[in-house]
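To start, the structure itself, in structure tokens.
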Amino acid sequence: MKGIVEIQIGQFFLIYLLLLVVLLIMKRCQISQSKLLIVASIRMTVQLTLAGLVLTYLFENPHPAATLSYVALMTAFSIVRVLGKHKDLNARFRLVIGLSIALPGLAVMAFFIGIVVGESLLNPQYVIPVAGMILGNTMTGTALGIKSFRESLAGQRARMMALLNLGVRPQQILLPFVRKALETALLPTLNSMLGLGIVALPGMMTGQILSGTLPTTAILYQIAIMIAICTVVCLSTFSSLYFGYHTLYNKRNQFLL
Amino acid sequence: MEALIQTTSLRCLDRLDYPPLFILEGGATFITGESGSGKSTLFRLLNGTLSPQEGTIFYQGQDIKTRDTIALRRDLLLASQEVFLFDGSIAENFAEYYRYREAMCPSQEAMQGYLSLTCADFPLDSRCETLSGGERQRVFLAICLSFEPSVLLLDEPTAALDDETASRFFRQVKAFAAEKGMTLLVICHNQGLVAQYADRCIRLEGRAM
């Protein structure tokens, strides 16, 4: 296999021309998000450039503390992003969500790198990209699960109170909403697994193939990461909702909503 | 005479003050009072879905704080004004509520009997989504009644009914309650119905009795 062709910086900037097409369509259709497109493109460029510089430095000067700090930062960022959308949730529920993102994410990452790949857990070349993929998907899945759970509860006050007044336990009342939200959170991951290899060659596999890895090796990594992602999304959403919903009622079986 | 429910002065939600209440077993005790006087909130205090900030509620001589809340709510069952029925037929609604209560669903004849008591003589396969607000309330009341609790708390059960049907509702439900030894606590705004069907009456007047 040939190694990857280096993109020349001058040619690289040509890719931004494509954004002009998007901008043109937005103007034509009077979509008022052209400012967001520009801000998002600039932010993405700056963030990725910084990440590239930091990663280059980390790979050239690997240090366990630096790797761990990077992963800790990623974990903290994903927790803050999910919690930021649910500021009105009670403190215990928020703590449960934080732990549910961090613990399964880190545990599955450790299993993936340490046991399946058989690499050191402190090797930044493996830990950082894998943590990024796992935590990114966990963040999206958990956020979707919590959002769906809360939205479904919001319209069901009459149902919840009717059942509570009839002497039904709050656990029994809330569990169907937990199940539904878990299903909603898992569906995008499961659907993307269905289409993989036929419609889409996912980012990780594409990256490995471009950099010269044999497709058969790239496939093994991709399958492993997809299963890891599916597991983590399931674990973190399940744990957030399953342990979190108990914070919505008190010992007197009264709702605290 | 010993009270079935007795309370000390109660305070709730920072704005509602209740005088000590004394509710006897059996018959129908009607609770009246202006909107905002805390009638529905009182029912929630009695069935333990809300706790008072101050004061104590005794049921059968025992502080309700020391009782299992689920068992208490099955004993003092509140049919609230906020009606909820699942999408599906009336029979499916009975089945769903009984599934939640982990109890054996009544037979079709029994269901029809309860519906008849609450003036909701609709076929069991009627879809609840197509019923009017008043019809839905009567189906919901039939389901609540079917659990045959010791105390049934009815929050404005006849607000959506014409006088004649409301009168029939109270006559039938009172007779059924008497037969089963059930105590009725009813919130009602219609003075004519109160005069006709109340065995005892408690009037809540805003912050004070």
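Chain labels A, B, ... are given in the sequence in which chains occur in the structure tokens; within each chain residues are numbered consecutively from 1, and ligands are likewise numbered from 1 in the order shown.
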(Q) If we count only C-alpha atoms and set the cut-off at 7 Å, which residues sit around Leu235 (chain A), ignoring sequence neighbours fewer than 4 positions away in its own chain? Please answer as an MDAnalysis selection string. (A) chainID A and resid 104 231 239
Q: Would you mind listing what lies within 12 Å of Glu6 (chain A) as a list of chain:residue names, with only C-alpha atoms counted and same-chain residues fewer than 6 positions away left out?
A: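 Selected residues are A:Phe12, A:Leu210, A:Ser211.
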Under the rule of at most 10 Å, produce a per-residue listing of chain A near chain B: chain, number, name, the closest pair of atoms, and the distance in Å, as JSON lines, using only C-alpha atoms.
{"residue": "A:Gln156", "atom": "CA", "partner": "B:Phe84", "partner_atom": "CA", "distance": 9.2}
{"residue": "A:Arg157", "atom": "CA", "partner": "B:Glu82", "partner_atom": "CA", "distance": 9.1}
{"residue": "A:Ala158", "atom": "CA", "partner": "B:Phe84", "partner_atom": "CA", "distance": 5.7}
{"residue": "A:Arg159", "atom": "CA", "partner": "B:Phe84", "partner_atom": "CA", "distance": 5.3}
{"residue": "A:Met160", "atom": "CA", "partner": "B:Phe84", "partner_atom": "CA", "distance": 8.7}
{"residue": "A:Met161", "atom": "CA", "partner": "B:Glu82", "partner_atom": "CA", "distance": 8.1}
{"residue": "A:Ala162", "atom": "CA", "partner": "B:Phe84", "partner_atom": "CA", "distance": 6.2}
{"residue": "A:Leu163", "atom": "CA", "partner": "B:Tyr97", "partner_atom": "CA", "distance": 7.7}
{"residue": "A:Leu164", "atom": "CA", "partner": "B:Thr49", "partner_atom": "CA", "distance": 7.6}
{"residue": "A:Asn165", "atom": "CA", "partner": "B:Leu78", "partner_atom": "CA", "distance": 5.4}
{"residue": "A:Leu166", "atom": "CA", "partner": "B:Leu77", "partner_atom": "CA", "distance": 5.8}
{"residue": "A:Gly167", "atom": "CA", "partner": "B:Arg73", "partner_atom": "CA", "distance": 4.8}
{"residue": "A:Val168", "atom": "CA", "partner": "B:Arg101", "partner_atom": "CA", "distance": 5.9}
{"residue": "A:Arg169", "atom": "CA", "partner": "B:Ile70", "partner_atom": "CA", "distance": 6.6}
{"residue": "A:Pro170", "atom": "CA", "partner": "B:Ile70", "partner_atom": "CA", "distance": 9.5}
{"residue": "A:Gln172", "atom": "CA", "partner": "B:Tyr100", "partner_atom": "CA", "distance": 7.3}
{"residue": "A:Ile173", "atom": "CA", "partner": "B:Tyr100", "partner_atom": "CA", "distance": 8.1}
{"residue": "A:Lys251", "atom": "CA", "partner": "B:Thr69", "partner_atom": "CA", "distance": 9.1}
{"residue": "A:Arg252", "atom": "CA", "partner": "B:Thr69", "partner_atom": "CA", "distance": 6.2}
{"residue": "A:Asn253", "atom": "CA", "partner": "B:Thr69", "partner_atom": "CA", "distance": 6.7}
{"residue": "A:Gln254", "atom": "CA", "partner": "B:Thr49", "partner_atom": "CA", "distance": 5.2}
{"residue": "A:Phe255", "atom": "CA", "partner": "B:Thr49", "partner_atom": "CA", "distance": 7.8}
Emit the selected residues as a PDB file, in the first residue's frame, including N, CA and C atoms.
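Here's the written file out28.pdb:
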ATOM      1  N   GLN A 156     -46.933  14.410  29.767  1.00  0.00           N
ATOM      2  CA  GLN A 156     -47.650  13.280  30.367  1.00  0.00           C
ATOM      3  C   GLN A 156     -47.975  13.473  31.833  1.00  0.00           C
ATOM      4  N   ARG A 157     -48.119  14.715  32.251  1.00  0.00           N
ATOM      5  CA  ARG A 157     -48.391  14.993  33.665  1.00  0.00           C
ATOM      6  C   ARG A 157     -49.704  14.336  34.119  1.00  0.00           C
ATOM      7  N   ALA A 158     -50.735  14.448  33.261  1.00  0.00           N
ATOM      8  CA  ALA A 158     -52.042  13.896  33.630  1.00  0.00           C
ATOM      9  C   ALA A 158     -51.933  12.385  33.838  1.00  0.00           C
ATOM     10  N   ARG A 159     -51.210  11.721  32.946  1.00  0.00           N
ATOM     11  CA  ARG A 159     -51.047  10.264  33.052  1.00  0.00           C
ATOM     12  C   ARG A 159     -50.306   9.897  34.339  1.00  0.00           C
ATOM     13  N   MET A 160     -49.221  10.646  34.609  1.00  0.00           N
ATOM     14  CA  MET A 160     -48.412  10.341  35.783  1.00  0.00           C
ATOM     15  C   MET A 160     -49.204  10.552  37.068  1.00  0.00           C
ATOM     16  N   MET A 161     -49.958  11.657  37.127  1.00  0.00           N
ATOM     17  CA  MET A 161     -50.707  11.945  38.347  1.00  0.00           C
ATOM     18  C   MET A 161     -51.870  10.975  38.518  1.00  0.00           C
ATOM     19  N   ALA A 162     -52.525  10.619  37.390  1.00  0.00           N
ATOM     20  CA  ALA A 162     -53.654   9.680  37.485  1.00  0.00           C
ATOM     21  C   ALA A 162     -53.164   8.350  38.057  1.00  0.00           C
ATOM     22  N   LEU A 163     -52.042   7.870  37.540  1.00  0.00           N
ATOM     23  CA  LEU A 163     -51.520   6.587  38.013  1.00  0.00           C
ATOM     24  C   LEU A 163     -51.049   6.679  39.463  1.00  0.00           C
ATOM     25  N   LEU A 164     -50.408   7.802  39.801  1.00  0.00           N
ATOM     26  CA  LEU A 164     -49.922   7.988  41.176  1.00  0.00           C
ATOM     27  C   LEU A 164     -51.094   7.997  42.155  1.00  0.00           C
ATOM     28  N   ASN A 165     -52.167   8.718  41.768  1.00  0.00           N
ATOM     29  CA  ASN A 165     -53.349   8.797  42.634  1.00  0.00           C
ATOM     30  C   ASN A 165     -54.041   7.445  42.791  1.00  0.00           C
ATOM     31  N   LEU A 166     -53.845   6.573  41.811  1.00  0.00           N
ATOM     32  CA  LEU A 166     -54.469   5.252  41.891  1.00  0.00           C
ATOM     33  C   LEU A 166     -53.589   4.244  42.635  1.00  0.00           C
ATOM     34  N   GLY A 167     -52.490   4.750  43.209  1.00  0.00           N
ATOM     35  CA  GLY A 167     -51.651   3.872  44.024  1.00  0.00           C
ATOM     36  C   GLY A 167     -50.645   3.071  43.219  1.00  0.00           C
ATOM     37  N   VAL A 168     -50.174   3.632  42.109  1.00  0.00           N
ATOM     38  CA  VAL A 168     -49.125   2.960  41.328  1.00  0.00           C
ATOM     39  C   VAL A 168     -47.788   3.560  41.756  1.00  0.00           C
ATOM     40  N   ARG A 169     -46.760   2.702  41.856  1.00  0.00           N
ATOM     41  CA  ARG A 169     -45.442   3.188  42.285  1.00  0.00           C
ATOM     42  C   ARG A 169     -44.823   4.083  41.213  1.00  0.00           C
ATOM     43  N   PRO A 170     -44.119   5.158  41.637  1.00  0.00           N
ATOM     44  CA  PRO A 170     -43.485   6.041  40.659  1.00  0.00           C
ATOM     45  C   PRO A 170     -42.533   5.290  39.713  1.00  0.00           C
ATOM     46  N   GLN A 172     -42.873   2.309  38.491  1.00  0.00           N
ATOM     47  CA  GLN A 172     -43.680   1.687  37.430  1.00  0.00           C
ATOM     48  C   GLN A 172     -44.178   2.730  36.433  1.00  0.00           C
ATOM     49  N   ILE A 173     -44.453   3.943  36.950  1.00  0.00           N
ATOM     50  CA  ILE A 173     -44.992   4.999  36.084  1.00  0.00           C
ATOM     51  C   ILE A 173     -43.901   5.507  35.150  1.00  0.00           C
ATOM     52  N   LYS A 251     -38.906   9.743  48.981  1.00  0.00           N
ATOM     53  CA  LYS A 251     -39.218   8.520  49.757  1.00  0.00           C
ATOM     54  C   LYS A 251     -40.712   8.380  50.012  1.00  0.00           C
ATOM     55  N   ARG A 252     -41.450   9.499  49.946  1.00  0.00           N
ATOM     56  CA  ARG A 252     -42.901   9.442  50.144  1.00  0.00           C
ATOM     57  C   ARG A 252     -43.616   9.153  48.822  1.00  0.00           C
ATOM     58  N   ASN A 253     -42.842   8.726  47.818  1.00  0.00           N
ATOM     59  CA  ASN A 253     -43.405   8.427  46.494  1.00  0.00           C
ATOM     60  C   ASN A 253     -44.155   9.612  45.900  1.00  0.00           C
ATOM     61  N   GLN A 254     -43.588  10.799  46.087  1.00  0.00           N
ATOM     62  CA  GLN A 254     -44.169  12.016  45.490  1.00  0.00           C
ATOM     63  C   GLN A 254     -43.235  12.460  44.370  1.00  0.00           C
ATOM     64  N   PHE A 255     -43.811  12.900  43.264  1.00  0.00           N
ATOM     65  CA  PHE A 255     -42.969  13.360  42.153  1.00  0.00           C
ATOM     66  C   PHE A 255     -42.292  14.673  42.510  1.00  0.00           C
TER      67      PHE A 255
END
Q) In region 14-77 of chain B, what's strand (DSSP E or B) per DSSP? Answer as number ranges by chain? A) B: 16-18, 22-24, 28-33, 54, 57-59, 62-63, 76-77
Q. Smallest atom-to-atom distance to Phe170 (chain B): which of B:Ile57, B:Ala95, B:Ile5, B:Ala195, using only C-alpha atoms?
A.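 Ranking B:Ile57, B:Ala95, B:Ile5, B:Ala195 by distance to Phe170 (chain B), first place goes to B:Ala195.
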Q. Please, what distance in Å, to one decimal, runs between CA of Val130 (chain A) and CA of Thr213 (chain A)?
A.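 Calculated distance between CA of Val130 (chain A) and CA of Thr213 (chain A) is 16.7 Å.
Minimum atom-to-atom distances from B:Arg11, B:Lys39, B:Arg168, B:Arg200 to Pro52 (chain B) were compared using only C-alpha atoms, and the lowest value belongs to B:Arg11.
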Q: Go through region 18-91 of chain B and collect every residue that DSSP, computed from the backbone, puts in helix (DSSP H, G or I); the answer should be as a list in words.
A: Lys39, Ser40, Thr41, Leu42, Phe43, Arg44, Leu45, Leu46, Ile64, Lys65, Thr66, Thr69, Ile70, Ala71, Leu72, Arg73, Arg74, Asp75, Ile90 and Ala91 of chain B
(Q) If I take CA of Pro19 (chain B) and CA of Leu152 (chain B), how far is one from the other in Å, to one decimal? (A) 21.7 Å
Quick one: residues within 12 Å of Ser35 (chain B), only C-alpha atoms counted, chain neighbours fewer than 5 positions away excluded, as a short mmCIF file (atom, residue, chain, number, x, y, z; two decimals) with N, CA and C atoms, in the first residue's frame?
data_model
loop_
_atom_site.label_atom_id
_atom_site.label_comp_id
_atom_site.auth_asym_id
_atom_site.auth_seq_id
_atom_site.Cartn_x
_atom_site.Cartn_y
_atom_site.Cartn_z
N SER B 40 -58.72 21.04 45.95
CA SER B 40 -58.01 19.95 45.27
C SER B 40 -56.68 19.66 45.97
N THR B 41 -56.04 20.71 46.48
CA THR B 41 -54.78 20.52 47.19
C THR B 41 -55.01 19.71 48.47
N GLU B 156 -64.70 17.27 41.77
CA GLU B 156 -65.67 17.79 40.80
C GLU B 156 -66.08 16.74 39.76
N ILE B 187 -65.67 17.03 46.11
CA ILE B 187 -65.59 18.47 45.88
C ILE B 187 -66.68 18.80 44.87
N CYS B 188 -67.52 19.75 45.20
CA CYS B 188 -68.63 20.07 44.30
C CYS B 188 -68.99 21.55 44.42
N HIS B 189 -69.28 22.16 43.27
CA HIS B 189 -69.63 23.57 43.27
C HIS B 189 -71.14 23.80 43.20
N ARG B 203 -66.87 23.62 54.49
CA ARG B 203 -66.66 24.75 53.58
C ARG B 203 -65.29 25.36 53.83
N LEU B 204 -64.49 25.40 52.78
CA LEU B 204 -63.17 26.03 52.89
C LEU B 204 -63.30 27.45 52.37
N GLU B 205 -62.83 28.39 53.16
CA GLU B 205 -62.95 29.79 52.72
C GLU B 205 -61.58 30.42 52.65
N GLY B 206 -60.92 30.19 51.52
CA GLY B 206 -59.60 30.80 51.31
C GLY B 206 -58.63 30.31 52.36
N ARG B 207 -58.10 31.25 53.14
CA ARG B 207 -57.06 30.90 54.09
C ARG B 207 -57.62 30.37 55.41
#
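Look at Met193 (chain A): the protein and nucleic acid residues within 12 Å of it, using only C-alpha atoms and passing over chain neighbours fewer than 5 places away, are Leu186, Leu187, Pro188, Ile198, Val199, Ala200, Leu201, Pro202, Gln222, Ile223, Ala224, Ile225, Met226, Ile227, Ala228, Ile229 and Cys230 of chain A.
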Grab the residues selected above and save them as a JSON list (two decimals), in the first residue's frame with N, CA and C atoms.
[["chain", "number", "residue", "atom", "x", "y", "z"],
["A", 186, "LEU", "N", -30.59, 4.73, 21.17],
["A", 186, "LEU", "CA", -29.81, 3.67, 20.52],
["A", 186, "LEU", "C", -30.05, 3.57, 19.02],
["A", 187, "LEU", "N", -31.25, 4.00, 18.58],
["A", 187, "LEU", "CA", -31.61, 3.79, 17.17],
["A", 187, "LEU", "C", -30.62, 4.38, 16.16],
["A", 188, "PRO", "N", -30.15, 5.64, 16.33],
["A", 188, "PRO", "CA", -29.22, 6.17, 15.33],
["A", 188, "PRO", "C", -27.95, 5.32, 15.20],
["A", 198, "ILE", "N", -21.87, -0.38, 3.00],
["A", 198, "ILE", "CA", -22.62, -0.35, 1.74],
["A", 198, "ILE", "C", -22.72, 1.09, 1.27],
["A", 199, "VAL", "N", -23.31, 1.92, 2.10],
["A", 199, "VAL", "CA", -23.46, 3.32, 1.73],
["A", 199, "VAL", "C", -22.23, 4.11, 2.16],
["A", 200, "ALA", "N", -21.85, 3.92, 3.40],
["A", 200, "ALA", "CA", -20.81, 4.79, 3.94],
["A", 200, "ALA", "C", -19.58, 4.01, 4.38],
["A", 201, "LEU", "N", -18.43, 4.55, 4.05],
["A", 201, "LEU", "CA", -17.21, 4.06, 4.67],
["A", 201, "LEU", "C", -16.91, 5.06, 5.78],
["A", 202, "PRO", "N", -16.97, 4.62, 7.01],
["A", 202, "PRO", "CA", -16.87, 5.58, 8.10],
["A", 202, "PRO", "C", -15.50, 6.26, 8.21],
["A", 222, "GLN", "N", -12.67, -0.82, 12.46],
["A", 222, "GLN", "CA", -13.97, -0.17, 12.34],
["A", 222, "GLN", "C", -15.06, -0.98, 13.02],
["A", 223, "ILE", "N", -15.01, -2.29, 12.81],
["A", 223, "ILE", "CA", -16.03, -3.15, 13.45],
["A", 223, "ILE", "C", -15.91, -3.03, 14.97],
["A", 224, "ALA", "N", -14.65, -3.09, 15.43],
["A", 224, "ALA", "CA", -14.43, -3.03, 16.88],
["A", 224, "ALA", "C", -14.93, -1.70, 17.44],
["A", 225, "ILE", "N", -14.64, -0.61, 16.76],
["A", 225, "ILE", "CA", -15.04, 0.70, 17.30],
["A", 225, "ILE", "C", -16.56, 0.86, 17.25],
["A", 226, "MET", "N", -17.20, 0.33, 16.20],
["A", 226, "MET", "CA", -18.66, 0.44, 16.13],
["A", 226, "MET", "C", -19.32, -0.31, 17.29],
["A", 227, "ILE", "N", -18.79, -1.50, 17.58],
["A", 227, "ILE", "CA", -19.36, -2.27, 18.70],
["A", 227, "ILE", "C", -19.10, -1.54, 20.01],
["A", 228, "ALA", "N", -17.88, -0.98, 20.13],
["A", 228, "ALA", "CA", -17.55, -0.23, 21.36],
["A", 228, "ALA", "C", -18.50, 0.96, 21.52],
["A", 229, "ILE", "N", -18.73, 1.68, 20.41],
["A", 229, "ILE", "CA", -19.61, 2.86, 20.46],
["A", 229, "ILE", "C", -21.03, 2.46, 20.85],
["A", 230, "CYS", "N", -21.51, 1.41, 20.21],
["A", 230, "CYS", "CA", -22.88, 0.94, 20.49],
["A", 230, "CYS", "C", -23.00, 0.59, 21.98]]
(Q) as a PyMOL selection string, please: the residues near Ala160 (chain B) (cut-off 12 Å, only C-alpha atoms, same-chain neighbours under 5 positions excluded). (A) chain B and resi 81+132-138+155+165-166+169+188-190
**Q.** Separation of CA of Ile113 (chain A) from CA of Ser240 (chain A), in Å and rounded to one decimal
**A.** 24.5 Å
Q: Please provide the set of residues having any atom within 8 Å of region 94-98 of chain A, restricted to only C-alpha atoms, with same-chain residues fewer than 2 positions apart removed, written as a list in words.
A: Ile79, Leu83, Leu89, Asn90, Ala91, Arg92, Ser100, Ile101, Ala102, Ser236, Ser239, Ser240, Leu241, Phe243 and Gly244 of chain A
Keeping only N, CA, C and O atoms, take the residues you just selected and write them out as a short mmCIF file (atom, residue, chain, number, x, y, z; two decimals), in the first residue's frame.
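Saved result, out-v4.cif, follows:
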data_model
loop_
_atom_site.label_atom_id
_atom_site.label_comp_id
_atom_site.auth_asym_id
_atom_site.auth_seq_id
_atom_site.Cartn_x
_atom_site.Cartn_y
_atom_site.Cartn_z
N ILE A 79 -19.26 16.01 29.12
CA ILE A 79 -20.23 16.08 30.22
C ILE A 79 -20.87 17.47 30.27
O ILE A 79 -22.10 17.61 30.35
N LEU A 83 -24.82 18.36 29.95
CA LEU A 83 -25.51 19.00 31.08
C LEU A 83 -25.95 20.42 30.76
O LEU A 83 -26.94 20.89 31.31
N LEU A 89 -32.29 20.39 35.53
CA LEU A 89 -32.40 19.08 36.17
C LEU A 89 -31.84 19.14 37.58
O LEU A 89 -30.94 19.93 37.85
N ASN A 90 -32.35 18.28 38.47
CA ASN A 90 -31.85 18.32 39.85
C ASN A 90 -30.39 17.85 39.91
O ASN A 90 -29.90 17.13 39.04
N ALA A 91 -29.68 18.28 40.99
CA ALA A 91 -28.24 18.05 41.09
C ALA A 91 -27.87 16.57 41.06
O ALA A 91 -26.87 16.18 40.46
N ARG A 92 -28.71 15.74 41.70
CA ARG A 92 -28.38 14.30 41.75
C ARG A 92 -28.47 13.68 40.36
O ARG A 92 -27.65 12.84 39.98
N SER A 100 -22.27 8.68 34.37
CA SER A 100 -22.67 7.71 33.34
C SER A 100 -21.97 7.96 32.02
O SER A 100 -21.87 7.05 31.19
N ILE A 101 -21.54 9.19 31.78
CA ILE A 101 -20.78 9.45 30.55
C ILE A 101 -19.32 9.02 30.78
O ILE A 101 -18.72 8.33 29.96
N ALA A 102 -18.78 9.43 31.94
CA ALA A 102 -17.35 9.20 32.19
C ALA A 102 -17.01 7.72 32.38
O ALA A 102 -16.13 7.20 31.68
N SER A 236 -24.17 4.25 28.77
CA SER A 236 -24.25 5.59 29.38
C SER A 236 -25.69 6.09 29.40
O SER A 236 -26.11 6.69 30.38
N SER A 239 -27.55 3.95 32.05
CA SER A 239 -27.18 4.31 33.42
C SER A 239 -27.68 5.71 33.78
O SER A 239 -28.17 5.93 34.88
N SER A 240 -27.58 6.67 32.84
CA SER A 240 -28.09 8.02 33.11
C SER A 240 -29.58 7.98 33.45
O SER A 240 -30.02 8.58 34.43
N LEU A 241 -30.34 7.27 32.62
CA LEU A 241 -31.78 7.27 32.80
C LEU A 241 -32.21 6.36 33.95
O LEU A 241 -33.04 6.72 34.77
N PHE A 243 -30.53 5.19 36.63
CA PHE A 243 -30.21 5.68 37.98
C PHE A 243 -30.74 7.10 38.17
O PHE A 243 -31.00 7.51 39.28
N GLY A 244 -30.89 7.83 37.04
CA GLY A 244 -31.35 9.21 37.13
C GLY A 244 -32.82 9.33 37.46
O GLY A 244 -33.22 10.20 38.23
#
